[in-house]
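Chemist: Quick one: the structure is below, and I'll ask about it shortly.
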Amino acid sequence: QVQLVESGGGLVQPGGSLRLSCAASGSILSINAMGWYRQAPGKQRELVASIRSGGRGNYADSVKGRFTISRDNAKNTVYLQMKRLKPEDTAVYYCNVVPYYSGLWGQGTQVTVSS
């Protein structure tokens with residue numbers, strides 16, 4: 001079974017950038033849609049970006065134009081490039097398939113946007 005490990009989070013100032021990575025322990029070639037989710041304190045987990053194999057990304061309105069999702073099937077990795085970060089982007093970020101499978105949640109990576 002595929003396992004997912006997120007990395008790349010950290011503390012960044014408003015307007016800054018981060019690149020998150022999601023490494024899969026197995027092949028993601030057979031997985032049609034992968035996504036990045038986030039959960040802020042006191043809020044429900046939400047899908048912010050998704051990408052089908054060989055397809056274009058789809059984005060939540062709150063991140064459209066600032067975030068870019070990509071996947072490298074050869075490296076079994078999914079990325080989330082985040083630019084012009086805002087304090088409201090502060091959350092734990094997770095990757096998973098779309099729709100999500102509960103057994104695939106990893107530990108996530110914390111993104112904190114603060115001056």
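If you're wondering about the labels, chains in the structure tokens are A, B, ... by order shown, residues count from 1 in each chain, ligands from 1 in order shown.
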Among chain A, which ones does DSSP assign to helix (DSSP H, G or I) (computed from the backbone)? Answer as a VMD selection string.

Modeler: chain A and resid 73 to 75 87 to 89 102 to 104

Chemist: Would you save the residues from that selection as a short mmCIF file (atom, residue, chain, number, x, y, z; two decimals), in the first residue's frame, using N, CA and C atoms?

Modeler:
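Result file follows (part-v4.cif):
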```
data_model
loop_
_atom_site.label_atom_id
_atom_site.label_comp_id
_atom_site.auth_asym_id
_atom_site.auth_seq_id
_atom_site.Cartn_x
_atom_site.Cartn_y
_atom_site.Cartn_z
N ASN A 73 5.66 11.72 -11.82
CA ASN A 73 5.37 10.30 -11.64
C ASN A 73 6.63 9.46 -11.55
N ALA A 74 7.69 9.88 -12.24
CA ALA A 74 8.94 9.12 -12.21
C ALA A 74 9.57 9.15 -10.82
N LYS A 75 9.33 10.24 -10.09
CA LYS A 75 9.88 10.36 -8.73
C LYS A 75 8.84 10.05 -7.67
N PRO A 87 -1.37 35.26 5.87
CA PRO A 87 -1.55 34.66 7.20
C PRO A 87 -2.66 33.61 7.22
N GLU A 88 -3.69 33.80 6.42
CA GLU A 88 -4.80 32.83 6.39
C GLU A 88 -4.42 31.51 5.70
N ASP A 89 -3.22 31.44 5.13
CA ASP A 89 -2.73 30.17 4.59
C ASP A 89 -2.11 29.30 5.67
N SER A 102 -9.01 7.72 3.84
CA SER A 102 -8.63 8.00 5.23
C SER A 102 -7.37 7.27 5.65
N GLY A 103 -7.11 6.12 5.06
CA GLY A 103 -5.94 5.35 5.43
C GLY A 103 -4.63 5.90 4.89
N LEU A 104 -4.70 6.96 4.11
CA LEU A 104 -3.49 7.52 3.51
C LEU A 104 -3.00 8.81 4.17
#
```

Chemist: Residues at most 7 Å from stretch 32-42 of chain A, counting only C-alpha atoms, excluding those fewer than 4 positions away in the same chain, as number ranges by chain?

Modeler: A: 46-53, 90-98

Chemist: What would the file look like if the residues just selected were written as a compact mmCIF listing (two decimals), in the first residue's frame with N, CA and C atoms?

Modeler:
```txt
# COMPACT_ATOMS: atom_id res chain seq x y z
N GLU A 46 -9.64 21.00 4.24
CA GLU A 46 -10.17 21.38 2.95
C GLU A 46 -9.19 21.04 1.84
N LEU A 47 -9.74 20.75 0.67
CA LEU A 47 -8.91 20.49 -0.50
C LEU A 47 -8.56 21.83 -1.14
N VAL A 48 -7.26 22.08 -1.33
CA VAL A 48 -6.85 23.35 -1.92
C VAL A 48 -6.36 23.21 -3.35
N ALA A 49 -5.87 22.03 -3.72
CA ALA A 49 -5.39 21.86 -5.09
C ALA A 49 -5.40 20.39 -5.45
N SER A 50 -5.67 20.08 -6.70
CA SER A 50 -5.67 18.70 -7.15
C SER A 50 -5.15 18.64 -8.58
N ILE A 51 -4.66 17.46 -8.96
CA ILE A 51 -4.13 17.28 -10.30
C ILE A 51 -4.34 15.84 -10.74
N ARG A 52 -4.82 15.68 -11.95
CA ARG A 52 -4.96 14.34 -12.52
C ARG A 52 -3.66 13.98 -13.24
N SER A 53 -3.44 12.70 -13.45
CA SER A 53 -2.25 12.25 -14.14
C SER A 53 -2.20 12.87 -15.53
N THR A 90 -1.98 29.83 6.87
CA THR A 90 -1.42 29.06 7.97
C THR A 90 -2.27 27.84 8.26
N ALA A 91 -1.65 26.66 8.23
CA ALA A 91 -2.36 25.40 8.41
C ALA A 91 -1.36 24.25 8.36
N VAL A 92 -1.84 23.08 8.69
CA VAL A 92 -1.09 21.86 8.42
C VAL A 92 -1.53 21.37 7.04
N TYR A 93 -0.57 21.12 6.18
CA TYR A 93 -0.84 20.71 4.80
C TYR A 93 -0.58 19.21 4.64
N TYR A 94 -1.52 18.55 3.99
CA TYR A 94 -1.46 17.12 3.76
C TYR A 94 -1.65 16.82 2.27
N CYS A 95 -1.10 15.71 1.82
CA CYS A 95 -1.45 15.24 0.49
C CYS A 95 -2.24 13.94 0.63
N ASN A 96 -3.02 13.64 -0.38
CA ASN A 96 -3.84 12.44 -0.39
C ASN A 96 -4.40 12.30 -1.79
N VAL A 97 -5.05 11.19 -2.04
CA VAL A 97 -5.73 11.03 -3.33
C VAL A 97 -7.01 11.86 -3.28
N VAL A 98 -7.61 12.02 -4.45
CA VAL A 98 -8.87 12.76 -4.54
C VAL A 98 -9.91 11.85 -5.19
```

Chemist: Skip A:Leu18 itself and residues of its chain fewer than 4 positions away, then list as a PyMOL selection string all residues within 9 Å of it, counting only C-alpha atoms.

Modeler: chain A and resi 8-10+12+80-83+85+111

Chemist: Pick the closest to A:Asp72 from A:Val2, A:Leu29, A:Ala60, A:Val113: which is it, counting only C-alpha atoms?

Modeler: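 For A:Asp72, the nearest of the candidates is A:Leu29.
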
Chemist: In chain A, what's strand (DSSP E or B) per DSSP? Answer as a PyMOL selection string?

Modeler: chain A and resi 4-7+10-12+18-24+33-39+46-52+57-59+67-72+77-82+91-97+109-113

Chemist: Point out the residue among A:Val63, A:Thr77, A:Ile31, A:Lys43 with the least atom-to-atom distance to A:Pro99, counting only C-alpha atoms.

Modeler: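 Among A:Val63, A:Thr77, A:Ile31, A:Lys43, it is A:Ile31 that comes nearest to A:Pro99.
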
Chemist: Compare A:Gln107, A:Ser7, A:Gln44, A:Ser62 by their minimum atom-to-atom distance to A:Cys22, counting only C-alpha atoms, and give me the closest one.

Modeler: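 Of all the options, A:Ser7 lies closest to A:Cys22.
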
Chemist: Between A:Glu6, A:Ser114, A:Ser70, A:Tyr101, which residue has the minimum interatomic distance to A:Ser21, considering only C-alpha atoms?

Modeler: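 Nearest to A:Ser21: A:Glu6.
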
Chemist: Please compute the atom CA of A:Lys86-atom CA of A:Ile69 distance, one decimal, in Å.

Modeler: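 Atom CA of A:Ile69 lies 17.6 Å from atom CA of A:Lys86.
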
Chemist: Out of A:Gly54, A:Thr109, A:Phe67, A:Val78, which residue has the shortest atom-to-atom distance to A:Gly16 when counting only C-alpha atoms?

Modeler: A:Phe67
